[in-house]
Amino acid sequence: MDKPTSPFDPSGFRRALGMFATGVTIVTARAGDGAPVGMTANSFNSVSLDPPMVLWSLAKSARSLPVFHAAEHWNVHILANEQNDLANRFARAGEDKFAGLALEPALADAPLLAGCAARFQCRTVFRYEGGDHIIFVGEVIGFDQSEAAPLLYVSGEYALATRLSRPVATDAGATNGGAAPFTEELLGYLLGRAHYQFMWSFQRTLDELGISHGEFFVLSLLAVRSGLDVAEIAAHTAYTGIAADAELLAGMCARGLLAVSNDAVARYALSDSGLAASRQVLAAAHAVEAALVEQLGRREAAGLRNLLKHLIRASDPGLPVLWGAGL
Ligand SMILES: Cc1cc2nc3c(=O)[nH]c(=O)nc-3n(C[C@H](O)[C@H](O)[C@H](O)COP(=O)(O)O)c2cc1C
C-alpha cells in the first residue's frame with residue numbers, strides 16, 4: 001500500500017506558521033538535583049484571565065523535557081529587544097546556558113532571569129499531548145513588567161515592534177492631482193525632513209557656541225577617533241558634502257579647539273576646550289533626542305535606530321569604519 005502523502009509540505013507549513021509574529025520567551029525550571037534548565041520558546045500564549053493561566057509547548061525531543069515534566073514550577077521570561085543573544089544561547093542544546101547570568105529571587109525554585117520585558121512565574125496545572133510537543137498550561141502565581149521594548153520573532157527572524165504611524169493630514173488644495181513624483185512616501189523626503197527638523201532644534205546651540213556644521217562634524221569625529229590626519233578627517237566626513245579641509249582645521253586650531261602634532265603628517269586631536277565644546281554640543285544633541293524619544297516612545301525609538309542602521313549599511317558608499325559595527 002502506498003504511504004499516504006502529507007497534505008502539505010513541512011517546510012512550507014513552518015514558513016506559513018512563521019507569518020504569525022510572536023514574542024520570544026525563555027522558559028526556565030529547576031531539576032530535582034538543583035540544576036537549572038531553560039529554553040527559548042515562542043509557543044507561549046495567554047489562556048485565561050481568571051484564574052490567570054498561560055501555556056507554551058515543548059518539543060518531545062528537547063533535552064530539558066524530563067525536567068519540565070517533573071517540575072512543579074516554571075518561569076516564562078518575555079525577552080526585551082536587547083536580549084536576542086540570550087535567546088540564541090537558550091536555543092542551543094548542550095551549553096551551560098546559565099553561565100554568568102545573575103538570577104533574581106523567585107517565588108518558587110525555578111530560575112528567574114533579569115532584564116526582561118515581562119516575567120510570569122507559574123505552577124503547572126495541566127499537561128497535554130500535542131503531537132510531537134507537550135503543551136504545558138500553568139497558573140500564574142506572580143508576574144512583573146518593565147518598560148523595555150519586547151523582542152519579536154517573525155518569518156524565522158528576530159524583529160522589533162513599531163506602531164503603525166497615523167497618516168499625515170494633507171492639504172488637498174496643495175496637491176496637483178497626484179501626478180508629481182514628489183510624494184510624502186518618498187524615503188528621501190522623509191529622511192531629509194526628519195533630519196532638518198531635528199537640526200532645527202539643535203541649530204540654536206551650534207549658533208550660540210559659534211560652531212559651524214563642518215566644525216561640529218570634526219569635533220564629534222575626533223571625540224571618537226583621535227589623532228587623524230587631514231585626509232582621514234576628510235574621508236570620514238565626505239558624505240556630509242561639507243569640506244573638512246586643512247583650512248577648516250587651521251581655523252579650529254587658531255580658536256584653540258584642536259591640538260595638532262608635529263609629526264611629518266600633522267595629526268589632530270581635541271584640545272581641552274575642544275573637548276568641552278564637543279561635550280556641550282553633544283549634550284545639546286542628547287537633549288533634543290531625549291525630547292523626541294519621549295514623544296515617540298522608547299519602542300519606536302529602538303525600531304527607528306534599527307531601521308536607520310539598516311539604511312546606513314545599505315547606502316554606505318564605502319566610508320571608513322567609525323564604530324565597531326562598521327557604522
Ligand atoms: C525563536 C525560537 C523559538 C523557539 N520556540 C520553541 C518552542 O516553542 N518549543 C520548543 O520546544 N522549542 C522551541 N525552540 C527551540 C528550542 O529553543 C531549542 O530546541 C533548545 O535547544 C531546546 O533546549 P534543550 O534541548 O536544552 O531543552 C525555539 C527556538 C527559537 C530560536
# chains A, B, ... in the order shown; residues from 1 in each chain; ligands from 1
$ residues_near_ligand --ligand "ligand 1" --cutoff "7 Å" --atoms "only C-alpha atoms and all ligand atoms" --output "list in words"
Val24, Gly38, Met39, Thr40, Ala41, Asn42, Ser43, Phe44, Trp56, Ser57, Leu58, Ala59, Ala62, Arg63, Ser64, Leu65, Ala87, Asn88, Phe90, Ala91, Arg92, Ala93, Gly94, His133 and Tyr153 of chain A
$ residues_around --residues "A:Gly23" --least-positions-apart "3" --cutoff "10 Å" --atoms "only C-alpha atoms" --output "list in words"
Ala41, Asn42, Ser43, Phe44, Asn45, Ile78, Leu79, Ala80, Asn81, Pro150, Leu151, Leu152, Tyr153, Val154, Tyr158, Ala159, Leu160 and Ala161 of chain A
$ closest_residue --among "A:Phe198, A:Ala277, A:Glu215, A:Thr124" --to "A:Leu248" --atoms "only C-alpha atoms"
A:Glu215
$ closest_residue --among "A:Leu219, A:Ala99, A:Val224, A:Ala29" --to "A:Asp272" --atoms "only C-alpha atoms"
A:Leu219
$ atom_distance --atom1 "atom CA of A:Val265" --atom2 "atom CA of A:Pro320"
18.9 Å
$ residues_around --residues "stretch 227-244 of chain A" --least-positions-apart "5" --cutoff "8 Å" --atoms "only C-alpha atoms" --output "number ranges by chain"
A: 213-215, 217-218, 221-222, 249, 265-269, 319-320, 322
